[in-house]
Number of protein chains: 2
Amino acid sequence: MESFTVGLGSRSYDIVLGIGLLDQPRAFEGVRDAALAVVVTNTTVAPLYAAELVQCLGRRHGRIHTIRLPDGESHKTWPTLNLVFDELLSLGADRKTILYALGGGVIGDITGFAAACYMRGIDFVQVPTTLLAQVDSSVGGKTGINHPRGKNMIGAFHQPLRVIADLDTLRTLPEREYRAGLAEVIKYGPIADAPFLGWIESSIERLLARDVEALRHAVRRSCEIKAAVVGQDEREAGLRAILNFGHTFAHAIEAGLGFGEWLHGEAVACGMAMAADLSAAVGLLPASDADRIVRLIDRAGLPVRGPALGAGRYLQLMRVDKKAEGGAIRFVLIDRLGHAVVRGVDDAQVEAVLEARCD
Amino acid sequence: MESFTVGLGSRSYDIVLGIGLLDQPRAFEGVRDAALAVVVTNTTVAPLYAAELVQCLGRRHGRIHTIRLPDGESHKTWPTLNLVFDELLSLGADRKTILYALGGGVIGDITGFAAACYMRGIDFVQVPTTLLAQVDSSVGGKTGINHPRGKNMIGAFHQPLRVIADLDTLRTLPEREYRAGLAEVIKYGPIADAPFLGWIESSIERLLARDVEALRHAVRRSCEIKAAVVGQDEREAGLRAILNFGHTFAHAIEAGLGFGEWLHGEAVACGMAMAADLSAAVGLLPASDADRIVRLIDRAGLPVRGPALGAGRYLQLMRVDKKAEGGAIRFVLIDRLGHAVVRGVDDAQVEAVLEARCD
């Protein structure tokens, strides 16, 4: 078990990383007691880990209740969020109640947003069980739900009390979801750490085989980078936007196909290929470095070609991206491996990249 | 025009108070420019003041759009909030867009919560047009919507950029709403300022006649007290709870009758009479002081007798109050005029007060 801190003043918290943490009450030590704790999970994860988590929490809380939500990005909506509110009110949850988000990114985002809004804010703990959630979405306090017109359009910044990433839970992850999580691991190389990019390239086979030591390093380094960025810019006033590398294109893919059609990580993978191309097209990055990124995504078994939505539709969807200002899309681009910038690009250049990268 | 500051560090802001402010662009000076501003108001207030506000904002913003919501507490719900999100997305609102809440407490709460959640948080300005909103709900950053099972159960703390309270707008307020606002003015006496209580007693006729100088003092002193309390305890960890004097009973009345049946201020008035009685019943306050509070509420033309929901139903509804902990209701009580405390009370004593105070 190892831990490191996301430094945010009075809202600082620890990320605890290790194997078999759901059997180690020690991983939860320091999380305050509560008369009522509510584990929010989904119908897929509940039979695998809910009983284990509840048992591990033991006598820490007076009462522990479990809420099972439907599984999948298509359920990251107001009606699902409202199921949580209904149940919290039925249970008599109060301002001291603690929520535990047990699951992937969707569960973490919904549970975190429920915690942000219930009685104007209660505490929650992230217990991510997917690679994507462990390396990305559980850290940093971004919470929210989708709106039919855009991903994560309704949400809040609400930091967890702790993130508990048990690598054991990754063993049950379906192959497709596991690979989708690798997209977010790969992301940290180009935007922040060229040596880490090299390490991923040389370790991709071990990562695909879910070698636990390779995984431990990948999750640790990803969380370290994310924690450092979030610690400098919690509310995305500047630097934090680099974590959205590939995400502007990705959100267009997800919204254009309908949420849940592609997994978020798959869309991010393809979006990073597009953003790498765009970085090269505007002359920021040598084409060979862009190719290196695309090749690694491809080796991870992730899509590097986008769905044929049409360049016009991509642009339309990207204009409602949260980074956009006055309808001008702002892209995260790589200006050298290990470093990202945020800037606008002429529509024509974006269209050319999209036409080359889409089926 | 006068102004004073709600001191909250980097989130500090000014309350600007005066006559004819909606005709004085100077009142808005210092609010930053934005490519898009959206005035959120309701169908009652829009014909009265929307054009005036839009004109006053003048060239400060590139584009100004107005959203008209249905009027009333019964519309402080998710579907109404979602109308705002739909329209913001249709307009291409981005993170730099500024919302203006033009209306009473419901508009301020919905608009503030929309601002808190849209793209995880955008700026908003409060332009309260009711007495209740000017002296209470527009100051302090509490935003939210009702859930069928409880008032303001879903919400956020989100401070405005500025509060602009134009006393002129109170002239068009229907008598019933105006009196409801007086309930929140009266509140500040017992909880924080005995001399102010005496001033209200001696000025109640002038206040009921909407004498502008009396109103100016009432709004100023109310805002000063609220700003001081919020500045010490933004997120209601302790002190701020005293501002909920009467509100625990009031929320039960509102939820028990259905939101909108009684105006919020009417329910607060009656709730304060109940809380004054309860303060006396538990021996904190002389009965004569409790009577003084009740008499003033009555003189303001506000209800001092509650609807006959039955004591059991009151208790059931109060157990989901946000101040409750583990099902134990916590009441704001007066232990001497000008000072409040928060504590639990035996159900039997609460029941006795309810039975005496209800029809």
# chains A, B, ... in the order shown; residues from 1 in each chain; ligands from 1
>>> interface_residues(of="chain A", to="chain B", cutoff="9 Å", atoms="only C-alpha atoms", output="VMD selection string")
chain A and resid 35 to 36 78 85 to 86 89 to 90 92 to 97 114 116 to 121 142 to 144 147 149 to 150 152 to 157 235 319 to 327
>>> write_last_selection(atoms="C-alpha atoms", output="PDB file, in the first residue's frame")
ATOM      1  CA  ALA A  35     -23.960   7.293  11.354  1.00  0.00           C
ATOM      2  CA  LEU A  36     -24.880   6.478   7.758  1.00  0.00           C
ATOM      3  CA  TRP A  78     -30.438  13.492 -14.477  1.00  0.00           C
ATOM      4  CA  PHE A  85     -31.359  11.773  -4.322  1.00  0.00           C
ATOM      5  CA  ASP A  86     -34.624   9.850  -3.858  1.00  0.00           C
ATOM      6  CA  LEU A  89     -33.928  11.168   1.243  1.00  0.00           C
ATOM      7  CA  SER A  90     -35.713   7.862   1.893  1.00  0.00           C
ATOM      8  CA  GLY A  92     -32.809   9.943   6.010  1.00  0.00           C
ATOM      9  CA  ALA A  93     -29.292  10.807   4.844  1.00  0.00           C
ATOM     10  CA  ASP A  94     -28.103  14.054   6.439  1.00  0.00           C
ATOM     11  CA  ARG A  95     -25.162  16.418   6.037  1.00  0.00           C
ATOM     12  CA  LYS A  96     -22.847  14.028   7.890  1.00  0.00           C
ATOM     13  CA  THR A  97     -23.626  11.057   5.643  1.00  0.00           C
ATOM     14  CA  ALA A 114     -24.803  13.819  -5.944  1.00  0.00           C
ATOM     15  CA  ALA A 116     -21.803  18.046  -4.328  1.00  0.00           C
ATOM     16  CA  CYS A 117     -25.528  18.885  -4.467  1.00  0.00           C
ATOM     17  CA  TYR A 118     -27.236  16.855  -1.735  1.00  0.00           C
ATOM     18  CA  MET A 119     -28.104  19.364   0.978  1.00  0.00           C
ATOM     19  CA  ARG A 120     -25.606  21.690  -0.778  1.00  0.00           C
ATOM     20  CA  GLY A 121     -22.680  19.325  -0.299  1.00  0.00           C
ATOM     21  CA  LYS A 142     -14.561  16.859 -11.480  1.00  0.00           C
ATOM     22  CA  THR A 143     -18.089  15.523 -11.132  1.00  0.00           C
ATOM     23  CA  GLY A 144     -21.195  15.769 -13.271  1.00  0.00           C
ATOM     24  CA  HIS A 147     -26.855  16.717 -21.118  1.00  0.00           C
ATOM     25  CA  ARG A 149     -26.408  18.371 -26.049  1.00  0.00           C
ATOM     26  CA  GLY A 150     -23.036  17.822 -24.439  1.00  0.00           C
ATOM     27  CA  ASN A 152     -20.426  16.664 -18.551  1.00  0.00           C
ATOM     28  CA  MET A 153     -22.255  19.916 -19.189  1.00  0.00           C
ATOM     29  CA  ILE A 154     -23.912  19.875 -15.758  1.00  0.00           C
ATOM     30  CA  GLY A 155     -21.569  19.355 -12.848  1.00  0.00           C
ATOM     31  CA  ALA A 156     -19.418  20.673 -10.057  1.00  0.00           C
ATOM     32  CA  PHE A 157     -15.899  20.656  -8.695  1.00  0.00           C
ATOM     33  CA  ARG A 235     -10.753  24.697 -11.312  1.00  0.00           C
ATOM     34  CA  ARG A 319     -18.226  24.332 -30.388  1.00  0.00           C
ATOM     35  CA  VAL A 320     -20.162  23.423 -27.223  1.00  0.00           C
ATOM     36  CA  ASP A 321     -17.012  21.985 -25.595  1.00  0.00           C
ATOM     37  CA  LYS A 322     -16.459  23.539 -22.172  1.00  0.00           C
ATOM     38  CA  LYS A 323     -13.097  24.943 -23.266  1.00  0.00           C
ATOM     39  CA  ALA A 324     -14.732  26.821 -26.153  1.00  0.00           C
ATOM     40  CA  GLU A 325     -15.061  30.585 -25.812  1.00  0.00           C
ATOM     41  CA  GLY A 326     -17.541  32.548 -27.876  1.00  0.00           C
ATOM     42  CA  GLY A 327     -17.923  29.575 -30.200  1.00  0.00           C
TER      43      GLY A 327
END
>>> select_by_dssp(residues="region 2-112 of chain A", states="strand (DSSP E or B)", output="PyMOL selection string")
chain A and resi 2-6+13-18+34-42+61-69+98-103
>>> write_last_selection(atoms="C-alpha atoms", output="CSV table (one decimal), in the first residue's frame")
chain,number,residue,atom,x,y,z
A,2,GLU,CA,1.4,3.4,-0.9
A,3,SER,CA,-0.2,6.8,-0.8
A,4,PHE,CA,0.4,10.3,-2.0
A,5,THR,CA,-1.4,13.6,-1.6
A,6,VAL,CA,-3.4,15.9,-3.9
A,13,TYR,CA,-6.6,14.4,0.2
A,14,ASP,CA,-4.7,11.1,-0.2
A,15,ILE,CA,-4.7,8.7,-3.1
A,16,VAL,CA,-4.1,5.2,-1.6
A,17,LEU,CA,-2.8,2.7,-4.2
A,18,GLY,CA,-2.2,-1.0,-3.7
A,34,ALA,CA,-20.6,8.5,10.1
A,35,ALA,CA,-24.0,7.3,11.4
A,36,LEU,CA,-24.9,6.5,7.8
A,37,ALA,CA,-22.7,5.6,4.8
A,38,VAL,CA,-24.1,4.9,1.3
A,39,VAL,CA,-22.2,2.9,-1.3
A,40,VAL,CA,-23.2,4.0,-4.7
A,41,THR,CA,-22.4,1.4,-7.4
A,42,ASN,CA,-23.9,-0.2,-10.4
A,61,HIS,CA,-20.2,3.6,10.1
A,62,GLY,CA,-23.4,3.0,12.1
A,63,ARG,CA,-25.4,1.9,9.0
A,64,ILE,CA,-24.2,1.1,5.5
A,65,HIS,CA,-26.7,1.1,2.6
A,66,THR,CA,-26.0,0.2,-1.1
A,67,ILE,CA,-27.5,1.9,-4.1
A,68,ARG,CA,-27.3,0.0,-7.4
A,69,LEU,CA,-27.6,2.1,-10.5
A,98,ILE,CA,-20.7,9.8,3.6
A,99,LEU,CA,-21.1,8.4,0.0
A,100,TYR,CA,-18.7,5.8,-1.4
A,101,ALA,CA,-18.4,5.8,-5.2
A,102,LEU,CA,-17.7,2.1,-6.1
A,103,GLY,CA,-17.2,1.7,-9.8
>>> calpha_fit_and_write(fixed="chain A", moving="chain B", output="short mmCIF file (atom, residue, chain, number, x, y, z; two decimals) with C-alpha atoms, in the first residue's frame")
data_model
loop_
_atom_site.label_atom_id
_atom_site.label_comp_id
_atom_site.auth_asym_id
_atom_site.auth_seq_id
_atom_site.Cartn_x
_atom_site.Cartn_y
_atom_site.Cartn_z
CA MET B 1 0.00 0.01 -0.01
CA GLU B 2 1.38 3.42 -0.90
CA SER B 3 -0.23 6.83 -0.82
CA PHE B 4 0.36 10.34 -2.04
CA THR B 5 -1.41 13.61 -1.57
CA VAL B 6 -3.39 15.87 -3.86
CA GLY B 7 -2.38 19.25 -2.39
CA LEU B 8 -5.40 21.54 -2.25
CA GLY B 9 -5.05 23.31 1.07
CA SER B 10 -7.90 22.47 3.40
CA ARG B 11 -9.32 20.18 0.70
CA SER B 12 -6.16 18.10 0.30
CA TYR B 13 -6.62 14.36 0.23
CA ASP B 14 -4.74 11.12 -0.24
CA ILE B 15 -4.73 8.68 -3.11
CA VAL B 16 -4.13 5.21 -1.65
CA LEU B 17 -2.85 2.69 -4.16
CA GLY B 18 -2.22 -1.01 -3.70
CA ILE B 19 -3.32 -4.61 -4.01
CA GLY B 20 -6.20 -6.11 -2.05
CA LEU B 21 -7.13 -2.78 -0.46
CA LEU B 22 -10.80 -3.76 -0.25
CA ASP B 23 -9.69 -6.34 2.31
CA GLN B 24 -7.55 -3.90 4.29
CA PRO B 25 -9.48 -1.66 6.69
CA ARG B 26 -6.18 0.21 7.09
CA ALA B 27 -6.70 1.74 3.63
CA PHE B 28 -9.78 3.48 5.01
CA GLU B 29 -8.23 4.64 8.27
CA GLY B 30 -8.63 8.36 8.80
CA VAL B 31 -11.86 8.60 6.83
CA ARG B 32 -14.19 9.90 9.50
CA ASP B 33 -17.00 7.84 11.00
CA ALA B 34 -20.61 8.52 10.08
CA ALA B 35 -23.95 7.28 11.35
CA LEU B 36 -24.89 6.47 7.76
CA ALA B 37 -22.70 5.58 4.79
CA VAL B 38 -24.09 4.89 1.35
CA VAL B 39 -22.20 2.87 -1.26
CA VAL B 40 -23.25 3.98 -4.74
CA THR B 41 -22.39 1.41 -7.37
CA ASN B 42 -23.88 -0.23 -10.45
CA THR B 43 -25.47 -3.57 -11.22
CA THR B 44 -22.24 -4.87 -12.76
CA VAL B 45 -19.82 -3.93 -9.99
CA ALA B 46 -22.14 -4.59 -7.04
CA PRO B 47 -21.99 -8.43 -7.20
CA LEU B 48 -18.19 -8.28 -7.54
CA TYR B 49 -17.12 -5.85 -4.83
CA ALA B 50 -19.98 -4.29 -2.87
CA ALA B 51 -20.05 -6.94 -0.14
CA GLU B 52 -16.25 -6.77 0.18
CA LEU B 53 -16.29 -2.99 0.57
CA VAL B 54 -19.16 -3.05 3.05
CA GLN B 55 -17.36 -5.67 5.13
CA CYS B 56 -14.11 -3.74 4.99
CA LEU B 57 -15.83 -0.57 6.22
CA GLY B 58 -16.95 -2.71 9.15
CA ARG B 59 -17.90 -0.77 12.20
CA ARG B 60 -16.63 2.53 10.89
CA HIS B 61 -20.21 3.61 10.13
CA GLY B 62 -23.41 2.97 12.03
CA ARG B 63 -25.40 1.91 8.99
CA ILE B 64 -24.23 1.11 5.46
CA HIS B 65 -26.67 1.07 2.57
CA THR B 66 -25.96 0.19 -1.07
CA ILE B 67 -27.54 1.89 -4.09
CA ARG B 68 -27.24 0.00 -7.41
CA LEU B 69 -27.56 2.15 -10.53
CA PRO B 70 -27.86 0.94 -14.11
CA ASP B 71 -24.46 0.52 -15.77
CA GLY B 72 -23.09 2.67 -18.59
CA GLU B 73 -22.39 6.15 -19.89
CA SER B 74 -25.92 6.36 -21.34
CA HIS B 75 -27.17 6.44 -17.72
CA LYS B 76 -25.01 9.38 -16.65
CA THR B 77 -28.12 11.53 -16.69
CA TRP B 78 -30.44 13.49 -14.48
CA PRO B 79 -32.95 10.61 -13.99
CA THR B 80 -30.16 8.37 -12.65
CA LEU B 81 -28.83 11.14 -10.42
CA ASN B 82 -32.33 11.68 -9.11
CA LEU B 83 -32.52 7.98 -8.14
CA VAL B 84 -29.63 8.70 -5.78
CA PHE B 85 -31.35 11.77 -4.31
CA ASP B 86 -34.62 9.85 -3.86
CA GLU B 87 -32.88 7.07 -2.04
CA LEU B 88 -30.76 9.38 0.13
CA LEU B 89 -33.92 11.17 1.24
CA SER B 90 -35.71 7.86 1.88
CA LEU B 91 -32.78 6.72 4.01
CA GLY B 92 -32.80 9.94 6.01
CA ALA B 93 -29.29 10.81 4.84
CA ASP B 94 -28.09 14.05 6.45
CA ARG B 95 -25.15 16.42 6.05
CA LYS B 96 -22.84 14.01 7.90
CA THR B 97 -23.63 11.04 5.64
CA ILE B 98 -20.68 9.80 3.55
CA LEU B 99 -21.07 8.42 0.04
CA TYR B 100 -18.68 5.83 -1.41
CA ALA B 101 -18.44 5.75 -5.20
CA LEU B 102 -17.65 2.12 -6.06
CA GLY B 103 -17.19 1.69 -9.79
CA GLY B 104 -15.84 3.36 -12.89
CA GLY B 105 -15.91 6.89 -14.18
CA VAL B 106 -19.67 7.11 -14.56
CA ILE B 107 -20.30 6.01 -10.97
CA GLY B 108 -17.62 8.37 -9.69
CA ASP B 109 -18.99 11.32 -11.64
CA ILE B 110 -22.62 10.74 -10.65
CA THR B 111 -21.83 9.97 -7.02
CA GLY B 112 -19.51 12.95 -6.73
CA PHE B 113 -22.11 15.26 -8.22
CA ALA B 114 -24.80 13.82 -5.94
CA ALA B 115 -22.45 14.52 -3.00
CA ALA B 116 -21.80 18.04 -4.32
CA CYS B 117 -25.52 18.88 -4.44
CA TYR B 118 -27.23 16.85 -1.72
CA MET B 119 -28.08 19.36 1.01
CA ARG B 120 -25.61 21.67 -0.76
CA GLY B 121 -22.69 19.32 -0.28
CA ILE B 122 -21.73 16.21 1.65
CA ASP B 123 -18.53 14.14 1.76
CA PHE B 124 -17.67 11.25 -0.52
CA VAL B 125 -14.90 8.73 -1.06
CA GLN B 126 -13.80 7.44 -4.46
CA VAL B 127 -13.25 3.68 -4.77
CA PRO B 128 -12.47 3.38 -8.49
CA THR B 129 -12.67 -0.13 -9.96
CA THR B 130 -11.71 0.61 -13.57
CA LEU B 131 -8.35 1.60 -14.96
CA LEU B 132 -9.82 4.79 -16.42
CA ALA B 133 -11.25 5.83 -13.08
CA GLN B 134 -8.06 4.94 -11.17
CA VAL B 135 -5.73 6.92 -13.41
CA ASP B 136 -8.00 9.81 -14.24
CA SER B 137 -11.61 10.45 -13.31
CA SER B 138 -11.49 9.61 -9.59
CA VAL B 139 -8.75 12.18 -8.95
CA GLY B 140 -9.30 15.92 -9.11
CA GLY B 141 -12.88 16.54 -8.10
CA LYS B 142 -14.57 16.86 -11.48
CA THR B 143 -18.09 15.53 -11.12
CA GLY B 144 -21.20 15.77 -13.26
CA ILE B 145 -23.72 14.34 -15.64
CA ASN B 146 -24.27 14.55 -19.38
CA HIS B 147 -26.85 16.72 -21.10
CA PRO B 148 -28.27 15.47 -24.43
CA ARG B 149 -26.42 18.37 -26.04
CA GLY B 150 -23.04 17.83 -24.44
CA LYS B 151 -20.94 15.66 -22.17
CA ASN B 152 -20.42 16.67 -18.55
CA MET B 153 -22.26 19.92 -19.17
CA ILE B 154 -23.91 19.87 -15.73
CA GLY B 155 -21.56 19.35 -12.84
CA ALA B 156 -19.41 20.68 -10.04
CA PHE B 157 -15.91 20.67 -8.67
CA HIS B 158 -16.17 18.60 -5.51
CA GLN B 159 -13.11 16.89 -4.09
CA PRO B 160 -13.37 13.47 -2.46
CA LEU B 161 -12.18 12.72 1.08
CA ARG B 162 -9.89 10.04 -0.32
CA VAL B 163 -9.28 7.92 -3.42
CA ILE B 164 -8.73 4.22 -2.81
CA ALA B 165 -7.42 2.46 -5.92
CA ASP B 166 -7.29 -1.30 -5.48
CA LEU B 167 -5.35 -2.78 -8.40
CA ASP B 168 -7.03 -6.14 -7.76
CA THR B 169 -10.31 -4.82 -9.09
CA LEU B 170 -8.74 -4.39 -12.51
CA ARG B 171 -8.53 -8.15 -12.93
CA THR B 172 -12.26 -8.49 -13.50
CA LEU B 173 -12.42 -5.62 -15.98
CA PRO B 174 -13.63 -6.63 -19.46
CA GLU B 175 -10.86 -6.37 -22.04
CA ARG B 176 -12.56 -3.57 -23.94
CA GLU B 177 -12.90 -1.42 -20.82
CA TYR B 178 -9.39 -2.18 -19.70
CA ARG B 179 -7.95 -1.01 -23.01
CA ALA B 180 -10.12 2.09 -22.88
CA GLY B 181 -8.45 2.92 -19.57
CA LEU B 182 -5.03 2.61 -21.18
CA ALA B 183 -5.96 5.60 -23.35
CA GLU B 184 -5.86 7.87 -20.30
CA VAL B 185 -2.55 6.35 -19.17
CA ILE B 186 -1.04 7.01 -22.59
CA LYS B 187 -2.35 10.59 -22.41
CA TYR B 188 0.02 11.56 -19.59
CA GLY B 189 3.09 10.89 -21.73
CA PRO B 190 2.59 13.42 -24.54
CA ILE B 191 1.16 16.14 -22.28
CA ALA B 192 3.52 15.92 -19.33
CA ASP B 193 6.25 13.27 -19.30
CA ALA B 194 8.21 12.14 -22.36
CA PRO B 195 10.16 9.47 -20.43
CA PHE B 196 6.83 8.02 -19.21
CA LEU B 197 5.73 7.87 -22.86
CA GLY B 198 8.87 5.87 -23.62
CA TRP B 199 8.18 3.59 -20.65
CA ILE B 200 4.63 2.91 -21.86
CA GLU B 201 5.94 2.13 -25.34
CA SER B 202 8.38 -0.41 -23.95
CA SER B 203 5.85 -1.81 -21.45
CA ILE B 204 2.72 -1.98 -23.57
CA GLU B 205 2.80 -5.77 -23.81
CA ARG B 206 3.10 -6.14 -20.04
CA LEU B 207 0.35 -3.60 -19.57
CA LEU B 208 -1.94 -5.42 -21.97
CA ALA B 209 -1.21 -8.62 -20.01
CA ARG B 210 -2.19 -6.71 -16.81
CA ASP B 211 1.18 -7.40 -15.21
CA VAL B 212 0.63 -6.08 -11.73
CA GLU B 213 3.99 -4.34 -11.33
CA ALA B 214 3.63 -2.61 -14.69
CA LEU B 215 0.11 -1.60 -13.73
CA ARG B 216 1.26 -0.29 -10.37
CA HIS B 217 3.80 1.96 -12.05
CA ALA B 218 1.32 3.11 -14.70
CA VAL B 219 -1.36 3.99 -12.15
CA ARG B 220 1.12 5.60 -9.75
CA ARG B 221 2.75 7.81 -12.36
CA SER B 222 -0.60 8.76 -13.89
CA CYS B 223 -2.00 9.74 -10.49
CA GLU B 224 1.18 11.64 -9.61
CA ILE B 225 0.93 13.72 -12.77
CA LYS B 226 -2.78 14.31 -12.35
CA ALA B 227 -2.36 15.25 -8.67
CA ALA B 228 0.41 17.72 -9.53
CA VAL B 229 -1.64 19.39 -12.27
CA VAL B 230 -4.82 19.56 -10.18
CA GLY B 231 -2.85 20.89 -7.21
CA GLN B 232 -1.72 23.81 -9.35
CA ASP B 233 -5.06 24.53 -11.03
CA GLU B 234 -8.04 22.95 -9.30
CA ARG B 235 -10.75 24.70 -11.31
CA GLU B 236 -9.16 24.63 -14.74
CA ALA B 237 -8.32 28.31 -15.01
CA GLY B 238 -5.33 27.35 -17.16
CA LEU B 239 -2.89 24.46 -16.84
CA ARG B 240 -5.49 21.81 -15.98
CA ALA B 241 -6.94 22.05 -19.49
CA ILE B 242 -3.98 20.02 -20.81
CA LEU B 243 -5.55 16.96 -19.16
CA ASN B 244 -8.24 17.25 -21.84
CA PHE B 245 -5.79 16.22 -24.58
CA GLY B 246 -7.91 14.38 -27.15
CA HIS B 247 -11.10 15.12 -25.23
CA THR B 248 -12.49 17.85 -27.49
CA PHE B 249 -12.59 15.44 -30.43
CA ALA B 250 -13.66 12.62 -28.07
CA HIS B 251 -16.69 14.48 -26.77
CA ALA B 252 -17.80 15.11 -30.36
CA ILE B 253 -17.48 11.39 -31.12
CA GLU B 254 -19.40 10.44 -27.98
CA ALA B 255 -22.17 13.00 -28.50
CA GLY B 256 -22.31 12.39 -32.26
CA LEU B 257 -22.72 8.62 -31.90
CA GLY B 258 -24.85 8.83 -28.77
CA PHE B 259 -23.32 8.45 -25.32
CA GLY B 260 -22.27 4.88 -24.62
CA GLU B 261 -21.76 3.77 -28.23
CA TRP B 262 -18.00 4.13 -27.92
CA LEU B 263 -16.45 3.91 -24.48
CA HIS B 264 -15.10 7.24 -23.26
CA GLY B 265 -11.52 5.93 -23.34
CA GLU B 266 -11.96 4.71 -26.90
CA ALA B 267 -13.16 8.12 -27.97
CA VAL B 268 -10.25 9.75 -26.11
CA ALA B 269 -7.82 7.41 -27.86
CA CYS B 270 -9.11 8.37 -31.27
CA GLY B 271 -9.31 12.02 -30.20
CA MET B 272 -5.64 11.94 -29.18
CA ALA B 273 -4.72 10.57 -32.62
CA MET B 274 -6.64 13.49 -34.14
CA ALA B 275 -5.07 16.01 -31.77
CA ALA B 276 -1.60 14.60 -32.52
CA ASP B 277 -2.27 15.00 -36.23
CA LEU B 278 -3.54 18.52 -35.64
CA SER B 279 -0.43 19.38 -33.62
CA ALA B 280 1.66 18.29 -36.60
CA ALA B 281 -0.62 19.99 -39.14
CA VAL B 282 -0.21 23.38 -37.48
CA GLY B 283 3.54 22.90 -37.31
CA LEU B 284 3.90 22.50 -33.55
CA LEU B 285 5.09 18.89 -33.55
CA PRO B 286 7.22 16.86 -35.98
CA ALA B 287 5.05 14.42 -37.93
CA SER B 288 7.22 11.57 -36.68
CA ASP B 289 6.33 12.40 -33.06
CA ALA B 290 2.63 12.56 -33.94
CA ASP B 291 2.97 9.16 -35.59
CA ARG B 292 4.66 7.82 -32.47
CA ILE B 293 1.58 8.76 -30.43
CA VAL B 294 -0.79 7.28 -33.00
CA ARG B 295 1.22 4.07 -33.21
CA LEU B 296 1.17 3.57 -29.46
CA ILE B 297 -2.61 4.05 -29.35
CA ASP B 298 -2.94 1.51 -32.11
CA ARG B 299 -0.66 -0.98 -30.32
CA ALA B 300 -2.88 -0.65 -27.24
CA GLY B 301 -5.74 -1.99 -29.38
CA LEU B 302 -7.52 1.35 -29.39
CA PRO B 303 -9.19 3.11 -32.33
CA VAL B 304 -7.14 5.62 -34.29
CA ARG B 305 -9.80 6.26 -36.92
CA GLY B 306 -12.95 8.25 -36.16
CA PRO B 307 -16.55 7.56 -37.06
CA ALA B 308 -17.79 9.25 -40.26
CA LEU B 309 -19.89 11.97 -38.68
CA GLY B 310 -18.72 14.48 -41.28
CA ALA B 311 -16.29 17.28 -40.46
CA GLY B 312 -19.10 19.84 -40.21
CA ARG B 313 -20.88 17.83 -37.52
CA TYR B 314 -17.64 17.37 -35.57
CA LEU B 315 -17.07 21.13 -35.60
CA GLN B 316 -20.64 21.84 -34.56
CA LEU B 317 -20.37 19.43 -31.62
CA MET B 318 -16.97 20.77 -30.58
CA ARG B 319 -18.23 24.34 -30.39
CA VAL B 320 -20.16 23.43 -27.22
CA ASP B 321 -17.02 22.00 -25.59
CA LYS B 322 -16.46 23.56 -22.18
CA LYS B 323 -13.09 24.95 -23.26
CA ALA B 324 -14.73 26.84 -26.16
CA GLU B 325 -15.07 30.60 -25.83
CA GLY B 326 -17.55 32.57 -27.90
CA GLY B 327 -17.94 29.59 -30.24
CA ALA B 328 -14.18 29.37 -30.85
CA ILE B 329 -12.95 25.83 -30.18
CA ARG B 330 -9.77 25.58 -28.14
CA PHE B 331 -7.62 22.49 -28.71
CA VAL B 332 -5.03 20.88 -26.49
CA LEU B 333 -2.02 20.43 -28.75
CA ILE B 334 1.43 18.96 -28.19
CA ASP B 335 4.27 21.35 -28.95
CA ARG B 336 6.93 18.87 -27.88
CA LEU B 337 6.58 15.39 -26.42
CA GLY B 338 5.91 15.88 -22.71
CA HIS B 339 4.41 19.35 -23.09
CA ALA B 340 1.00 20.65 -24.18
CA VAL B 341 -0.50 24.01 -25.07
CA VAL B 342 -4.09 25.17 -25.53
CA ARG B 343 -4.97 27.21 -28.62
CA GLY B 344 -7.45 27.85 -31.39
CA VAL B 345 -6.97 26.43 -34.89
CA ASP B 346 -8.49 27.46 -38.23
CA ASP B 347 -11.53 25.39 -39.11
CA ALA B 348 -9.96 24.42 -42.44
CA GLN B 349 -6.99 22.76 -40.74
CA VAL B 350 -9.28 20.90 -38.36
CA GLU B 351 -11.44 19.74 -41.24
CA ALA B 352 -8.42 18.43 -43.13
CA VAL B 353 -7.31 16.39 -40.11
CA LEU B 354 -10.83 15.05 -39.56
CA GLU B 355 -11.18 14.03 -43.17
CA ALA B 356 -7.89 12.15 -43.08
CA ARG B 357 -8.64 10.50 -39.71
CA CYS B 358 -12.26 9.45 -40.29
CA ASP B 359 -13.65 6.50 -42.16
#
>>> select_by_dssp(residues="region 167-352 of chain A", states="helix (DSSP H, G or I)", output="JSON, numbers by chain")
{"A": [167, 168, 169, 170, 171, 172, 175, 176, 177, 178, 179, 180, 181, 182, 183, 184, 185, 186, 187, 188, 189, 190, 191, 192, 194, 195, 196, 197, 198, 199, 200, 201, 202, 203, 204, 205, 206, 207, 208, 212, 213, 214, 215, 216, 217, 218, 219, 220, 221, 222, 223, 224, 225, 226, 227, 228, 229, 230, 231, 232, 239, 240, 241, 242, 243, 244, 247, 248, 249, 250, 251, 252, 253, 254, 255, 256, 257, 264, 265, 266, 267, 268, 269, 270, 271, 272, 273, 274, 275, 276, 277, 278, 279, 280, 281, 287, 288, 289, 290, 291, 292, 293, 294, 295, 296, 297, 298, 299, 311, 312, 313, 314, 315, 316, 317, 318, 347, 348, 349, 350, 351, 352]}
